[in-house]
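S.K.: Following this line is model-v5.txt, made up of compact mmCIF, C-alpha atoms:
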# COMPACT_ATOMS: atom_id res chain seq x y z
CA MET A 1 136.71 18.51 121.37
CA PHE A 2 135.07 21.83 120.49
CA LYS A 3 131.83 22.38 122.41
CA LEU A 4 129.32 24.36 120.34
CA GLY A 5 126.10 25.64 121.84
CA LEU A 6 123.28 26.03 119.29
CA ILE A 7 119.83 27.58 119.65
CA ILE A 8 117.33 27.94 116.80
CA ASN A 9 114.27 30.15 117.13
CA PRO A 10 111.87 28.06 115.00
CA LEU A 11 109.55 31.03 114.47
CA ALA A 12 112.18 33.60 113.52
CA GLY A 13 111.39 35.61 110.41
CA ILE A 14 108.00 33.99 109.88
CA GLY A 15 106.41 37.40 109.31
CA GLY A 16 108.88 38.51 106.65
CA THR A 17 107.48 37.19 103.38
CA VAL A 18 103.90 38.07 104.38
CA ALA A 19 104.85 41.71 105.09
CA LEU A 20 104.17 41.62 108.85
CA LYS A 21 107.60 43.17 109.50
CA GLY A 22 108.39 40.93 112.44
CA SER A 23 107.40 37.83 114.34
CA ASP A 24 107.26 39.10 117.92
CA GLY A 25 104.20 37.99 119.84
CA GLU A 26 101.90 34.99 119.64
CA GLU A 27 99.20 36.82 117.67
CA THR A 28 101.67 37.91 114.98
CA VAL A 29 102.89 34.32 114.63
CA LYS A 30 99.32 33.05 114.33
CA GLN A 31 98.53 35.67 111.70
CA ALA A 32 101.65 34.77 109.72
CA GLN A 33 100.83 31.06 109.86
CA LYS A 34 97.27 31.79 108.76
CA LEU A 35 98.71 33.59 105.74
CA GLY A 36 100.75 30.50 104.91
CA ALA A 37 104.13 31.81 106.06
CA VAL A 38 106.94 29.39 106.82
CA SER A 39 109.95 30.22 108.97
CA GLN A 40 113.33 30.00 107.25
CA ALA A 41 115.28 29.50 110.49
CA GLN A 42 115.92 25.78 109.89
CA ALA A 43 117.07 26.29 106.30
CA ARG A 44 119.33 29.17 107.27
CA THR A 45 120.88 27.22 110.14
CA ARG A 46 121.47 24.33 107.76
CA LEU A 47 123.46 26.65 105.48
CA SER A 48 125.69 27.52 108.44
CA LEU A 49 126.15 23.97 109.68
CA GLU A 50 127.01 22.72 106.18
CA GLN A 51 130.24 24.71 106.45
CA ILE A 52 131.40 22.70 109.49
CA ILE A 53 130.50 19.23 108.23
CA PRO A 54 134.20 18.46 107.55
CA PHE A 55 134.87 18.97 111.28
CA LYS A 56 132.15 16.67 112.65
CA GLN A 57 134.66 14.56 114.50
CA GLN A 58 136.16 17.60 116.20
CA LEU A 59 133.06 18.95 117.88
CA ILE A 60 129.95 18.17 119.85
CA ILE A 61 126.83 20.30 119.53
CA TYR A 62 124.86 21.00 122.69
CA THR A 63 121.39 22.23 121.86
CA ALA A 64 117.69 22.35 122.77
CA ALA A 65 115.05 19.77 121.92
CA ASN A 66 113.01 19.38 118.75
CA GLU A 67 113.04 22.26 116.26
CA MET A 68 115.24 24.42 118.49
CA GLY A 69 118.28 22.45 117.33
CA GLU A 70 117.97 18.74 118.02
CA SER A 71 116.07 17.76 114.85
CA LEU A 72 118.39 19.50 112.41
CA CYS A 73 121.63 18.45 114.12
CA LEU A 74 120.64 14.78 114.22
CA GLU A 75 119.43 14.90 110.61
CA MET A 76 122.80 16.28 109.54
CA GLY A 77 124.67 13.62 111.49
CA PHE A 78 126.36 15.77 114.13
CA ASN A 79 127.38 14.46 117.54
CA THR A 80 124.49 16.01 119.44
CA GLU A 81 123.48 16.29 123.08
CA VAL A 82 120.13 17.81 124.09
CA LEU A 83 120.24 19.86 127.27
CA ALA A 84 116.94 21.78 127.25
CA ALA A 85 113.41 20.51 126.69
CA ASN A 86 110.63 22.42 124.93
CA GLU A 87 107.31 21.88 123.20
CA ILE A 88 107.38 20.89 119.56
CA GLU A 89 105.11 23.61 118.14
CA HIS A 90 104.88 26.46 120.65
CA THR A 91 108.35 27.62 121.57
CA SER A 92 108.74 30.97 123.28
CA ALA A 93 111.28 33.46 124.59
CA LYS A 94 111.32 31.51 127.85
CA ASP A 95 112.47 28.41 125.95
CA THR A 96 115.31 30.39 124.39
CA GLU A 97 116.42 31.74 127.77
CA ALA A 98 116.18 28.30 129.37
CA ALA A 99 118.35 26.90 126.59
CA VAL A 100 120.96 29.63 127.16
CA ASN A 101 121.11 28.71 130.85
CA ALA A 102 121.59 25.03 130.08
CA LEU A 103 124.26 25.61 127.44
CA ILE A 104 126.30 28.04 129.54
CA ASN A 105 126.15 25.71 132.55
CA GLN A 106 127.49 22.97 130.28
CA GLY A 107 130.51 25.14 129.52
CA VAL A 108 130.18 25.57 125.75
CA ASP A 109 133.07 27.29 123.96
CA LEU A 110 130.83 29.41 121.73
CA LEU A 111 127.11 30.11 121.46
CA MET A 112 125.52 30.24 118.01
CA PHE A 113 121.87 31.10 117.53
CA ALA A 114 119.47 31.61 114.62
CA GLY A 115 116.91 34.38 114.87
CA GLY A 116 116.38 38.10 114.66
CA ASP A 117 116.79 41.06 116.98
CA GLY A 118 114.12 39.73 119.33
CA THR A 119 116.08 36.51 119.75
CA ALA A 120 119.28 38.48 120.35
CA ARG A 121 117.44 40.30 123.14
CA ASN A 122 116.44 36.97 124.67
CA ILE A 123 120.04 35.73 124.52
CA HIS A 124 121.31 38.93 126.13
CA HIS A 125 118.66 38.85 128.86
CA ALA A 126 119.49 35.26 129.76
CA LEU A 127 123.23 35.90 129.89
CA GLN A 128 122.71 38.99 132.06
CA ALA A 129 120.57 37.00 134.48
CA LEU A 130 123.33 34.41 134.90
CA LYS A 131 125.72 37.07 136.23
CA LYS A 132 128.77 34.96 135.46
CA ASP A 133 132.23 36.36 134.91
CA THR A 134 132.95 34.03 132.00
CA VAL A 135 132.71 35.74 128.61
CA ILE A 136 131.03 33.60 125.96
CA PRO A 137 131.50 34.55 122.28
CA VAL A 138 128.20 34.70 120.43
CA ILE A 139 127.50 34.44 116.68
CA GLY A 140 124.05 35.11 115.29
CA ILE A 141 122.74 33.40 112.16
CA PRO A 142 120.51 35.99 110.46
CA ALA A 143 117.04 34.45 110.24
CA GLY A 144 114.65 37.16 111.44
CA CYS A 145 112.82 40.11 109.87
CA LYS A 146 114.69 42.66 111.98
CA ILE A 147 118.44 42.21 112.01
CA HIS A 148 119.91 45.49 113.21
CA SER A 149 122.27 44.06 115.82
CA ALA A 150 125.97 43.62 115.04
CA VAL A 151 126.06 40.19 116.67
CA TYR A 152 124.92 38.68 113.36
CA ALA A 153 127.09 37.30 110.61
CA VAL A 154 126.79 38.83 107.14
CA THR A 155 124.98 35.69 105.91
CA PRO A 156 124.32 32.20 107.32
CA ARG A 157 127.19 30.86 105.23
CA HIS A 158 129.56 33.48 106.67
CA ALA A 159 128.55 32.36 110.17
CA GLY A 160 129.48 28.78 109.33
CA GLU A 161 132.72 29.73 107.59
CA LEU A 162 133.85 31.75 110.60
CA LEU A 163 132.90 28.93 112.94
CA SER A 164 134.93 26.45 110.87
CA LEU A 165 138.01 28.67 111.21
CA ILE A 166 137.50 28.86 114.97
CA ILE A 167 137.15 25.09 115.25
CA LYS A 168 140.41 24.72 113.31
CA GLY A 169 142.13 26.85 115.93
CA ARG A 170 142.05 30.37 114.52
CA PRO A 171 142.68 32.95 117.29
CA LEU A 172 139.42 34.73 117.98
CA ALA A 173 139.43 38.46 118.66
CA VAL A 174 136.14 39.63 120.17
CA LYS A 175 134.39 42.92 120.85
CA GLU A 176 131.27 44.13 122.60
CA THR A 177 128.47 44.55 120.05
CA ALA A 178 125.19 46.38 120.55
CA VAL A 179 121.90 44.48 120.83
CA MET A 180 119.31 46.67 119.13
CA ASP A 181 115.62 46.11 118.56
CA ILE A 182 112.74 48.18 117.29
CA ASP A 183 109.11 48.57 118.30
CA GLU A 184 107.24 46.32 115.83
CA GLU A 185 103.90 48.10 116.24
CA ALA A 186 105.53 51.43 115.40
CA PHE A 187 107.51 49.71 112.61
CA ARG A 188 104.26 48.61 110.95
CA LYS A 189 103.25 52.29 110.90
CA ASP A 190 106.54 53.25 109.18
CA ILE A 191 108.00 54.61 112.42
CA VAL A 192 111.45 53.39 113.46
CA LYS A 193 111.96 53.38 117.22
CA ALA A 194 115.19 51.54 117.88
CA SER A 195 116.43 50.93 121.40
CA LEU A 196 119.70 49.66 122.81
CA TYR A 197 119.18 46.70 125.14
CA GLY A 198 122.77 45.90 125.98
CA TYR A 199 125.82 44.20 124.53
CA LEU A 200 126.92 40.73 123.51
CA THR A 201 130.47 39.55 122.93
CA ALA A 202 130.90 38.75 119.24
CA PRO A 203 133.86 38.06 116.94
CA ALA A 204 135.71 41.16 115.75
CA GLU A 205 135.75 39.85 112.20
CA ASN A 206 134.53 42.49 109.74
CA GLN A 207 134.83 40.06 106.85
CA TYR A 208 132.26 37.75 108.43
CA MET A 209 130.21 39.87 110.86
CA GLN A 210 127.82 42.65 109.87
CA ASN A 211 127.88 46.22 111.14
CA MET A 212 125.06 47.68 113.18
CA LYS A 213 122.47 49.22 110.88
CA GLU A 214 122.70 52.98 110.61
CA GLY A 215 119.65 54.77 111.96
CA GLY A 216 117.93 57.98 111.05
CA VAL A 217 116.97 59.60 107.75
CA GLU A 218 119.67 60.82 105.40
CA HIS A 219 119.77 64.54 104.61
CA GLU A 220 121.04 64.21 101.04
CA SER A 221 117.83 65.63 99.62
CA LEU A 222 119.34 66.98 96.43
CA VAL A 223 121.01 63.71 95.53
CA LEU A 224 117.84 61.75 96.32
CA GLN A 225 115.81 64.10 94.16
CA ASP A 226 118.25 63.69 91.27
CA ILE A 227 118.03 59.91 91.55
CA ALA A 228 114.24 59.99 91.80
CA THR A 229 113.86 62.34 88.86
CA TYR A 230 116.04 60.15 86.66
CA ILE A 231 114.21 56.96 87.68
CA CYS A 232 110.82 58.53 86.99
CA GLU A 233 111.91 59.66 83.53
CA GLU A 234 113.12 56.13 82.75
CA LEU A 235 109.95 54.30 83.88
CA GLU A 236 108.61 52.13 81.07
CA ALA A 237 104.95 51.93 80.11
CA ASP A 238 102.94 48.80 80.97
CA THR A 239 105.74 47.59 83.26
CA ILE A 240 105.17 46.64 86.89
CA TYR A 241 107.70 48.12 89.31
CA PHE A 242 108.15 46.75 92.81
CA ILE A 243 109.55 49.58 94.95
CA GLY A 244 111.68 48.42 97.87
CA SER A 245 111.80 49.75 101.40
CA GLY A 246 113.84 52.68 102.68
CA THR A 247 114.16 56.42 102.18
CA THR A 248 115.97 56.17 98.84
CA PRO A 249 113.25 54.18 96.99
CA LYS A 250 110.61 56.28 98.80
CA ALA A 251 112.02 59.34 97.02
CA VAL A 252 110.86 57.82 93.72
CA LEU A 253 107.27 57.59 94.91
CA ASP A 254 107.51 61.07 96.40
CA GLU A 255 108.63 62.39 93.01
CA LEU A 256 105.55 60.79 91.43
CA GLY A 257 103.33 62.27 94.13
CA LEU A 258 102.25 58.81 95.31
CA GLU A 259 101.71 57.41 98.78
CA SER A 260 104.42 55.05 99.96
CA THR A 261 105.24 52.49 102.61
CA LEU A 262 108.62 53.46 103.99
CA LEU A 263 109.34 50.00 105.38
CA GLY A 264 107.39 47.85 102.94
CA ILE A 265 107.13 47.00 99.24
CA ASP A 266 104.85 49.12 97.02
CA VAL A 267 103.79 48.45 93.43
CA ILE A 268 103.40 50.94 90.58
CA GLU A 269 102.45 50.68 86.93
CA ASN A 270 102.22 53.52 84.40
CA GLN A 271 103.29 55.88 87.19
CA GLN A 272 100.26 54.98 89.30
CA LEU A 273 100.20 53.21 92.65
CA ILE A 274 98.40 49.87 92.29
CA ALA A 275 99.23 48.29 95.67
CA LYS A 276 100.89 49.18 98.97
CA ASP A 277 102.87 47.08 101.44
CA VAL A 278 102.59 43.81 99.51
CA ASP A 279 103.83 40.42 100.64
CA GLU A 280 105.64 37.70 98.68
CA GLN A 281 102.49 35.98 97.46
CA LYS A 282 101.00 39.24 96.20
CA ILE A 283 104.20 39.98 94.29
CA LEU A 284 104.12 36.51 92.75
CA SER A 285 100.50 37.02 91.71
CA TYR A 286 101.51 40.17 89.79
CA LEU A 287 104.36 38.28 88.15
CA GLN A 288 101.87 35.70 86.89
CA GLN A 289 100.27 38.40 84.72
CA ASN A 290 103.11 37.92 82.22
CA LYS A 291 103.90 41.62 82.16
CA SER A 292 107.35 43.11 82.21
CA ALA A 293 108.44 43.57 85.83
CA LYS A 294 111.34 45.26 87.59
CA ILE A 295 112.53 45.73 91.17
CA ILE A 296 113.82 49.08 92.43
CA LEU A 297 115.70 48.90 95.72
CA THR A 298 118.66 50.26 97.66
CA ILE A 299 121.38 48.92 99.91
CA ILE A 300 120.98 49.06 103.69
CA GLY A 301 123.09 51.86 105.14
CA GLY A 302 125.98 50.63 107.27
CA GLN A 303 125.37 46.93 106.60
CA GLY A 304 125.50 47.03 102.80
CA HIS A 305 122.87 44.35 102.13
CA LEU A 306 120.84 44.55 98.93
CA PHE A 307 118.61 41.54 99.66
CA GLY A 308 117.82 39.86 102.96
CA ARG A 309 117.46 42.80 105.33
CA GLY A 310 113.99 44.30 105.66
CA ASN A 311 112.86 43.16 102.20
CA GLN A 312 112.28 39.42 102.61
CA GLN A 313 109.17 39.86 100.46
CA PHE A 314 111.70 39.74 97.62
CA SER A 315 112.07 36.00 98.10
CA PRO A 316 114.26 33.75 95.93
CA ALA A 317 111.15 32.82 93.93
CA VAL A 318 110.39 36.49 93.28
CA ILE A 319 113.97 37.40 92.39
CA ARG A 320 114.34 34.47 89.99
CA GLN A 321 111.12 35.37 88.17
CA VAL A 322 112.03 39.06 87.89
CA GLY A 323 115.58 38.25 86.77
CA LYS A 324 118.92 39.83 87.62
CA GLU A 325 118.73 42.06 84.55
CA ASN A 326 115.55 43.68 85.91
CA ILE A 327 116.93 44.63 89.31
CA ILE A 328 117.50 48.38 89.54
CA ALA A 329 119.78 49.36 92.43
CA ILE A 330 119.86 52.98 93.58
CA SER A 331 122.04 54.58 96.25
CA THR A 332 123.54 57.88 97.26
CA PRO A 333 127.33 58.00 96.74
CA GLU A 334 127.78 58.56 100.47
CA LYS A 335 126.11 55.26 101.28
CA LEU A 336 128.51 53.43 98.97
CA HIS A 337 131.54 55.26 100.34
CA ALA A 338 130.50 54.25 103.86
CA LEU A 339 131.09 50.60 102.89
CA ASN A 340 134.83 51.36 102.84
CA GLY A 341 135.41 49.00 99.95
CA ALA A 342 133.44 46.09 101.42
CA PRO A 343 131.18 44.40 98.86
CA ILE A 344 127.43 44.83 98.69
CA ARG A 345 126.03 41.79 100.47
CA LEU A 346 123.44 39.23 99.37
CA ASP A 347 121.49 37.08 101.82
CA THR A 348 118.41 35.88 99.94
CA GLY A 349 118.24 32.57 101.81
CA ASP A 350 119.17 30.68 98.64
CA ASP A 351 122.92 30.09 98.51
CA GLN A 352 122.93 29.29 94.80
CA LEU A 353 120.94 32.41 93.98
CA ASP A 354 123.38 34.54 96.00
CA LYS A 355 126.22 33.13 93.89
CA GLU A 356 124.31 33.80 90.66
CA LEU A 357 123.69 37.42 91.66
CA SER A 358 127.29 38.02 92.73
CA GLY A 359 129.55 40.18 90.60
CA MET A 360 129.57 43.77 89.45
CA ILE A 361 126.29 45.64 89.58
CA GLN A 362 125.43 49.02 88.08
CA ILE A 363 124.00 51.39 90.68
CA ILE A 364 122.21 54.64 89.90
CA THR A 365 123.85 57.28 92.10
CA GLY A 366 122.48 60.53 90.58
CA TYR A 367 120.76 61.93 87.52
CA ASP A 368 122.04 59.71 84.68
CA GLU A 369 125.01 58.85 86.91
CA HIS A 370 126.00 55.23 87.38
CA THR A 371 128.54 53.50 89.59
CA PHE A 372 129.72 49.92 89.21
CA TYR A 373 130.18 48.12 92.50
CA ARG A 374 130.94 44.55 93.53
CA MET A 375 128.28 42.29 95.05
CA SER A 376 129.21 39.17 96.99
CA ASP A 377 127.32 36.31 98.63
Now that the file is in, can you turn its structure into structure tokens?
M.R.:
Amino acid sequence: MFKLGLIINPLAGIGGTVALKGSDGEETVKQAQKLGAVSQAQARTRLSLEQIIPFKQQLIIYTAANEMGESLCLEMGFNTEVLAANEIEHTSAKDTEAAVNALINQGVDLLMFAGGDGTARNIHHALQALKKDTVIPVIGIPAGCKIHSAVYAVTPRHAGELLSLIIKGRPLAVKETAVMDIDEEAFRKDIVKASLYGYLTAPAENQYMQNMKEGGVEHESLVLQDIATYICEELEADTIYFIGSGTTPKAVLDELGLESTLLGIDVIENQQLIAKDVDEQKILSYLQQNKSAKIILTIIGGQGHLFGRGNQQFSPAVIRQVGKENIIAISTPEKLHALNGAPIRLDTGDDQLDKELSGMIQIITGYDEHTFYRMSD
């Protein structure tokens, strides 16, 4: 019988769609809830667990109480044993660390958790405090706003697919992967201060596990300027453009001489800035104006994600209303080459939408230069 340890951070990613760029801290959570935000951690964990439903009779899931795992596992009909108690509505980092202690003491074969980089830090801290010689493989289900660490699977479905192979007996090669996190307060001011907090043991499966996000600002100024110049010349009148996060989309706003939010979503129309750092609901309100609308965004360096990393404001509802044909992807050639042939990844939180978006996409890689590249869910 395979013994799976599962921990869900019920508040992971709650600040994403409302543009809070994180969910660390009680005040941030309260602000997100006041804005009507809902965590996607349960839905994303469900996507993972759906992949192992055929193996229900071959495993037992050890987890924490209530929304930290118990509720979802019982709802899905898994053989479930609760080892750690917690409050229903106000879970904290201490609850996560207590759950790690209980699961490791139970002797689970693998620890799976849903959260973001803050949750990965909690997992690492708890394992370090145990000071046990036993190495426990860890797989993260991406559910947070910040997902830099390489302990996470490419998507929730990839996490479940890899787990199903392990349950079936696939030999598991592992490696030490960095646990990274950034300062959220600095992040909200467009300053990236990433720190290394340690290492977790994760599967060495490049097909299923993401790379650590590349840091720093690229120095391909000429290429960025070419891309930005071309985009600006192609902007259509009376069309709303939602400009994604990152240095590549920022170059477009720089070319127009407009202020920008490096790590947020800005809105322009007729080459004028009409809103900065908007959340999902604000984007949807613009889409209700029945104007033509397009999204301009880039892939995440190193990880290769187009949606689902740092731009959760582009929710499934937003993407469906804008339409695949109105998504404009831009990238430097170097960023594409760094993928080493791996597909551009999609992790919108809607499995069906990821499938609909999959396929070849045209990417603007210079002035009137286009590259076709494969996207995969």
S.K.: Provide the atom CA of Glu269 of chain A to atom CA of Gly323 of chain A distance in Å, to one decimal place.
M.R.: 18.1 Å
S.K.: Do you know which residues are at most 7 Å from segment 298-305 of chain A counting all atoms listed in the file, after dropping those on the same chain fewer than 2 positions away, and could you put them as a PDB file with C-alpha atoms, in the frame of the given file?
M.R.:
ATOM      1  CA  GLN A 210     127.820  42.650 109.870  1.00  0.00           C
ATOM      2  CA  ASN A 211     127.880  46.220 111.140  1.00  0.00           C
ATOM      3  CA  MET A 212     125.060  47.680 113.180  1.00  0.00           C
ATOM      4  CA  LYS A 213     122.470  49.220 110.880  1.00  0.00           C
ATOM      5  CA  GLU A 214     122.700  52.980 110.610  1.00  0.00           C
ATOM      6  CA  THR A 248     115.970  56.170  98.840  1.00  0.00           C
ATOM      7  CA  PRO A 249     113.250  54.180  96.990  1.00  0.00           C
ATOM      8  CA  PHE A 307     118.610  41.540  99.660  1.00  0.00           C
ATOM      9  CA  GLY A 308     117.820  39.860 102.960  1.00  0.00           C
ATOM     10  CA  ARG A 309     117.460  42.800 105.330  1.00  0.00           C
ATOM     11  CA  ALA A 329     119.780  49.360  92.430  1.00  0.00           C
ATOM     12  CA  ILE A 330     119.860  52.980  93.580  1.00  0.00           C
ATOM     13  CA  SER A 331     122.040  54.580  96.250  1.00  0.00           C
ATOM     14  CA  LYS A 335     126.110  55.260 101.280  1.00  0.00           C
ATOM     15  CA  ALA A 338     130.500  54.250 103.860  1.00  0.00           C
ATOM     16  CA  LEU A 339     131.090  50.600 102.890  1.00  0.00           C
ATOM     17  CA  ILE A 344     127.430  44.830  98.690  1.00  0.00           C
ATOM     18  CA  ARG A 345     126.030  41.790 100.470  1.00  0.00           C
ATOM     19  CA  LEU A 346     123.440  39.230  99.370  1.00  0.00           C
TER      20      LEU A 346
END
S.K.: Between A:Gly246, A:Pro137, A:Pro54, A:Pro333, which has the minimum distance to Tyr367 of chain A (counting only C-alpha atoms)?
M.R.: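 Nearest to Tyr367 of chain A: A:Pro333.
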S.K.: Just the residues within 7 Å of Phe242 of chain A, please, counting all atoms listed in the file, with nothing from its chain fewer than 5 positions along; format it as a list in words.
M.R.: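 Result of the neighbour search: Ile265, Asp266, Val267, Ile268, Lys294, Ile295 and Ile296 of chain A.
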S.K.: What is the distance between atom CA of Gly310 of chain A and atom CA of Gly144 of chain A, in Å to one decimal?
M.R.: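 The value is 9.2 Å.
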S.K.: May I have the residues at most 7 Å from (121.1, 18.6, 120.0) in the file's coordinates, counting all atoms listed in the file, as a list in words?
M.R.: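 Within the cut-off we find Ile61, Tyr62, Thr63, Ala64, Ala65, Gly69, Glu70, Cys73, Leu74, Thr80, Glu81 and Val82 of chain A.
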S.K.: What lies within 10 Å of Ser260 of chain A using only C-alpha atoms, ignoring chain neighbours under 5 positions off, as a list in words?
M.R.: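 My list of contacting residues is Asp190, Ile243, Ser245, Pro249, Lys250, Ala251, Val252, Leu253, Asp254, Ile265, Asp266, Val267, Leu273, Ala275, Lys276 and Asp277 of chain A.
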S.K.: Centre and edge lengths of an axis-aligned box around all listed atoms of segment 141-155 of chain A, with 5 Å added on each side, are to be given in Å to one decimal, as AutoDock Vina command-line options.
M.R.:
--center_x 120.0 --center_y 39.4 --center_z 111.3 --size_x 24.3 --size_y 22.1 --size_z 20.8
S.K.: Just how far from atom CA of Tyr230 of chain A is atom CA of Val322 of chain A, in Å to one decimal?
M.R.: 21.5 Å
S.K.: Which is closer to Ala237 of chain A than all the others in A:Ser358, A:Gln271, A:Ser195, A:Ser92, using only C-alpha atoms?
M.R.: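 Going through A:Ser358, A:Gln271, A:Ser195, A:Ser92 one by one, the smallest distance to Ala237 of chain A is for A:Gln271.
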S.K.: Name the closest residue to Asp347 of chain A among the candidates A:Asp238, A:Glu325, A:Asp377, A:Asp368; distances are taken between atoms, counting all atoms listed in the file.
M.R.: A:Asp377
S.K.: Which residue is closest to Met375 of chain A? Choose from A:Ala126, A:Ala120, A:Met360, A:Val179 and count only C-alpha atoms.
M.R.: A:Met360
S.K.: What's the 10 Å shell around Ile123 of chain A, counting all atoms listed in the file, without same-chain residues fewer than 5 positions away, as a ChimeraX atom specification?
M.R.: /A:7,93,96-101,111,113,117-118,128,138,179,200
S.K.: Between A:Ala12, A:Met1, A:Leu235, A:Leu297, which has the minimum distance to Leu263 of chain A (counting only C-alpha atoms)?
M.R.: A:Leu297
S.K.: Can you work out which one of A:Ala129, A:Leu357, A:Leu49, A:Ala85 has the shortest atom-to-atom distance to Ile141 of chain A, counting only C-alpha atoms?
M.R.: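 The answer is A:Leu49, which sits nearest to Ile141 of chain A.
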S.K.: List every protein, DNA or RNA residue that has at least one atom no more than 7 Å from (134.2, 40.2, 118.7) in the file's coordinates, counting only C-alpha atoms, and write the result as a list of chain:residue names.
M.R.: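 Here the neighbourhood of the point contains A:Ala173, A:Val174, A:Lys175, A:Glu176, A:Thr201, A:Ala202, A:Pro203, A:Ala204, A:Glu205.
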S.K.: Export, as a PDB file, in the frame of the given file, the selected residues with C-alpha atoms.
M.R.:
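Once everything was written out, this is result08.pdb:
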ATOM      1  CA  ALA A 173     139.430  38.460 118.660  1.00  0.00           C
ATOM      2  CA  VAL A 174     136.140  39.630 120.170  1.00  0.00           C
ATOM      3  CA  LYS A 175     134.390  42.920 120.850  1.00  0.00           C
ATOM      4  CA  GLU A 176     131.270  44.130 122.600  1.00  0.00           C
ATOM      5  CA  THR A 201     130.470  39.550 122.930  1.00  0.00           C
ATOM      6  CA  ALA A 202     130.900  38.750 119.240  1.00  0.00           C
ATOM      7  CA  PRO A 203     133.860  38.060 116.940  1.00  0.00           C
ATOM      8  CA  ALA A 204     135.710  41.160 115.750  1.00  0.00           C
ATOM      9  CA  GLU A 205     135.750  39.850 112.200  1.00  0.00           C
TER      10      GLU A 205
END
S.K.: Segment 158-167 of chain A: which residues within 7 Å, counting all atoms listed in the file, same-chain residues fewer than 6 positions away excluded, as a list in words?
M.R.: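 Counting only the stated atoms, we get Phe2, Ser48, Leu49, Gln51, Ile52, Ile139, Ile141 and Tyr208 of chain A.
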